[in-house]
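Below is my_file09.pdb, which holds PDB, C-alpha atoms.
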ATOM      1  CA  MET A   1      92.340 -15.964  58.601  1.00  0.00           C
ATOM      2  CA  LYS A   2      90.813 -19.357  57.779  1.00  0.00           C
ATOM      3  CA  GLY A   3      89.570 -19.660  61.348  1.00  0.00           C
ATOM      4  CA  ARG A   4      87.864 -16.286  61.183  1.00  0.00           C
ATOM      5  CA  ILE A   5      86.110 -17.193  57.953  1.00  0.00           C
ATOM      6  CA  ALA A   6      84.964 -20.527  59.405  1.00  0.00           C
ATOM      7  CA  SER A   7      83.650 -18.823  62.559  1.00  0.00           C
ATOM      8  CA  ALA A   8      81.846 -16.180  60.532  1.00  0.00           C
ATOM      9  CA  HIS A   9      80.294 -18.875  58.349  1.00  0.00           C
ATOM     10  CA  LEU A  10      79.090 -20.752  61.421  1.00  0.00           C
ATOM     11  CA  LEU A  11      77.518 -17.625  62.911  1.00  0.00           C
ATOM     12  CA  LEU A  12      75.821 -16.727  59.640  1.00  0.00           C
ATOM     13  CA  THR A  13      74.469 -20.256  59.282  1.00  0.00           C
ATOM     14  CA  ILE A  14      73.056 -20.161  62.815  1.00  0.00           C
ATOM     15  CA  ALA A  15      71.513 -16.726  62.251  1.00  0.00           C
ATOM     16  CA  TYR A  16      69.988 -17.843  58.948  1.00  0.00           C
ATOM     17  CA  ASN A  17      68.402 -20.913  60.510  1.00  0.00           C
ATOM     18  CA  ILE A  18      67.028 -18.889  63.433  1.00  0.00           C
ATOM     19  CA  LEU A  19      65.432 -16.383  61.059  1.00  0.00           C
ATOM     20  CA  LYS A  20      64.170 -19.107  58.734  1.00  0.00           C
ATOM     21  CA  THR A  21      62.511 -21.285  61.395  1.00  0.00           C
ATOM     22  CA  GLY A  22      61.690 -18.668  64.032  1.00  0.00           C
ATOM     23  CA  GLU A  23      62.929 -21.022  66.755  1.00  0.00           C
ATOM     24  CA  PRO A  24      65.556 -19.932  69.276  1.00  0.00           C
ATOM     25  CA  TYR A  25      69.066 -21.369  69.068  1.00  0.00           C
ATOM     26  CA  GLN A  26      69.650 -24.473  71.160  1.00  0.00           C
ATOM     27  CA  GLU A  27      73.091 -25.811  71.940  1.00  0.00           C
ATOM     28  CA  LEU A  28      73.346 -29.476  70.959  1.00  0.00           C
ATOM     29  CA  GLY A  29      75.222 -30.438  74.116  1.00  0.00           C
ATOM     30  CA  SER A  30      78.522 -32.004  74.945  1.00  0.00           C
ATOM     31  CA  ASN A  31      77.442 -35.576  74.218  1.00  0.00           C
ATOM     32  CA  TYR A  32      75.696 -34.872  70.910  1.00  0.00           C
ATOM     33  CA  LEU A  33      78.315 -36.623  68.790  1.00  0.00           C
ATOM     34  CA  GLU A  34      78.330 -39.677  71.057  1.00  0.00           C
ATOM     35  CA  GLU A  35      74.537 -39.958  70.848  1.00  0.00           C
ATOM     36  CA  LYS A  36      74.623 -39.482  67.089  1.00  0.00           C
ATOM     37  CA  GLN A  37      77.195 -42.286  66.741  1.00  0.00           C
ATOM     38  CA  MET A  38      75.131 -44.576  68.983  1.00  0.00           C
ATOM     39  CA  ASN A  39      71.974 -43.891  66.958  1.00  0.00           C
ATOM     40  CA  LYS A  40      73.880 -44.619  63.756  1.00  0.00           C
ATOM     41  CA  GLU A  41      75.082 -47.933  65.141  1.00  0.00           C
ATOM     42  CA  LEU A  42      71.580 -48.886  66.273  1.00  0.00           C
ATOM     43  CA  LYS A  43      70.183 -48.078  62.826  1.00  0.00           C
ATOM     44  CA  MET A  44      72.872 -50.242  61.218  1.00  0.00           C
ATOM     45  CA  ILE A  45      72.041 -53.127  63.545  1.00  0.00           C
ATOM     46  CA  GLU A  46      68.323 -52.845  62.768  1.00  0.00           C
ATOM     47  CA  TYR A  47      69.093 -52.771  59.042  1.00  0.00           C
ATOM     48  CA  LEU A  48      71.197 -55.921  59.277  1.00  0.00           C
ATOM     49  CA  LYS A  49      68.504 -57.669  61.333  1.00  0.00           C
ATOM     50  CA  LYS A  50      65.939 -56.844  58.627  1.00  0.00           C
ATOM     51  CA  LYS A  51      68.284 -58.415  56.082  1.00  0.00           C
ATOM     52  CA  GLY A  52      68.324 -61.632  58.111  1.00  0.00           C
ATOM     53  CA  TYR A  53      71.621 -61.367  59.955  1.00  0.00           C
ATOM     54  CA  THR A  54      71.980 -62.233  63.635  1.00  0.00           C
ATOM     55  CA  ILE A  55      73.740 -59.583  65.679  1.00  0.00           C
ATOM     56  CA  ASP A  56      75.319 -60.394  69.046  1.00  0.00           C
ATOM     57  CA  PRO A  57      76.100 -57.337  71.200  1.00  0.00           C
ATOM     58  CA  SER A  58      79.739 -56.936  72.099  1.00  0.00           C
ATOM     59  CA  GLU A  59      81.168 -55.194  75.162  1.00  0.00           C
ATOM     60  CA  GLN A  60      84.342 -54.398  73.272  1.00  0.00           C
ATOM     61  CA  GLN A  61      84.355 -51.317  71.062  1.00  0.00           C
ATOM     62  CA  THR A  62      86.031 -51.324  67.686  1.00  0.00           C
ATOM     63  CA  ALA A  63      87.645 -48.493  65.778  1.00  0.00           C
TER
END
Translate the structure described by the file into structure tokens.
Amino acid sequence: MKGRIASAHLLLTIAYNILKTGEPYQELGSNYLEEKQMNKELKMIEYLKKKGYTIDPSEQQTA
């Protein structure tokens, strides 16, 4: 039952946004979350650089 409610909420939210903006629905894509995480990391790095910190890129990913 919870799953049905969540799915219905998602569909209503999509329909509302389509009607509100008048733009067609566009799927975000399979790598959307990865790109969002990368953009977040880049913004954090830029913020730290503005604060005067030196950031060295690392090949190793952390949790």
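Going from CA of Lys51 in chain A over to CA of Tyr32 in chain A, you cover 28.8 Å.
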* To do: Work out how far CA of Gln37 in chain A is from CA of Gly52 in chain A, in Å to one decimal.
  =>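 Result for CA of Gly52 in chain A versus CA of Gln37 in chain A: 23.0 Å, one decimal.
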* To one decimal place, how far is CA of Ala15 in chain A from CA of Gly3 in chain A in Å? -> 18.3 Å
* Select, from A:Leu28, A:Leu19, A:Leu42, A:Leu33, the residue with the minimum atom-to-atom distance to Ile55 in chain A, counting only C-alpha atoms. =>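 Using only C-alpha atoms, the shortest distance to Ile55 in chain A belongs to A:Leu42.
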3 Å per side around range 44-56 of chain A: axis-aligned box centre and edge lengths, as lines of an AutoDock Vina configuration file:
center_x = 70.6
center_y = -56.2
center_z = 62.6
size_x = 15.4
size_y = 18.0
size_z = 19.0
N, CA and C atoms modelled onto range 31-52 of chain A, as a compact mmCIF listing (two decimals), in the frame of the given file:
# COMPACT_ATOMS: atom_id res chain seq x y z
N ASN A 31 77.46 -34.17 74.62
CA ASN A 31 77.44 -35.58 74.22
C ASN A 31 76.66 -35.80 72.92
N TYR A 32 76.46 -34.77 72.16
CA TYR A 32 75.70 -34.87 70.91
C TYR A 32 76.34 -35.86 69.93
N LEU A 33 77.63 -35.75 69.74
CA LEU A 33 78.32 -36.62 68.79
C LEU A 33 78.29 -38.08 69.24
N GLU A 34 78.40 -38.30 70.54
CA GLU A 34 78.33 -39.68 71.06
C GLU A 34 76.95 -40.27 70.81
N GLU A 35 75.90 -39.48 71.07
CA GLU A 35 74.54 -39.96 70.85
C GLU A 35 74.28 -40.20 69.37
N LYS A 36 74.81 -39.32 68.52
CA LYS A 36 74.62 -39.48 67.09
C LYS A 36 75.29 -40.77 66.61
N GLN A 37 76.49 -41.06 67.11
CA GLN A 37 77.19 -42.29 66.74
C GLN A 37 76.43 -43.51 67.22
N MET A 38 75.89 -43.45 68.44
CA MET A 38 75.13 -44.58 68.98
C MET A 38 73.87 -44.81 68.15
N ASN A 39 73.17 -43.74 67.78
CA ASN A 39 71.97 -43.89 66.96
C ASN A 39 72.32 -44.49 65.60
N LYS A 40 73.45 -44.09 65.04
CA LYS A 40 73.88 -44.62 63.76
C LYS A 40 74.14 -46.11 63.86
N GLU A 41 74.80 -46.52 64.94
CA GLU A 41 75.08 -47.93 65.14
C GLU A 41 73.80 -48.73 65.31
N LEU A 42 72.85 -48.19 66.07
CA LEU A 42 71.58 -48.89 66.27
C LEU A 42 70.81 -49.03 64.96
N LYS A 43 70.85 -48.00 64.13
CA LYS A 43 70.18 -48.08 62.83
C LYS A 43 70.83 -49.14 61.95
N MET A 44 72.17 -49.23 62.00
CA MET A 44 72.87 -50.24 61.22
C MET A 44 72.50 -51.65 61.69
N ILE A 45 72.41 -51.82 62.99
CA ILE A 45 72.04 -53.13 63.54
C ILE A 45 70.64 -53.51 63.11
N GLU A 46 69.70 -52.57 63.19
CA GLU A 46 68.32 -52.84 62.77
C GLU A 46 68.27 -53.19 61.28
N TYR A 47 69.05 -52.50 60.48
CA TYR A 47 69.09 -52.77 59.04
C TYR A 47 69.58 -54.19 58.78
N LEU A 48 70.65 -54.58 59.47
CA LEU A 48 71.20 -55.92 59.28
C LEU A 48 70.22 -57.00 59.75
N LYS A 49 69.50 -56.72 60.85
CA LYS A 49 68.50 -57.67 61.33
C LYS A 49 67.39 -57.85 60.31
N LYS A 50 66.98 -56.75 59.66
CA LYS A 50 65.94 -56.84 58.63
C LYS A 50 66.41 -57.67 57.44
N LYS A 51 67.71 -57.65 57.19
CA LYS A 51 68.28 -58.42 56.08
C LYS A 51 68.48 -59.88 56.45
N GLY A 52 68.24 -60.24 57.71
CA GLY A 52 68.32 -61.63 58.11
C GLY A 52 69.57 -62.02 58.87
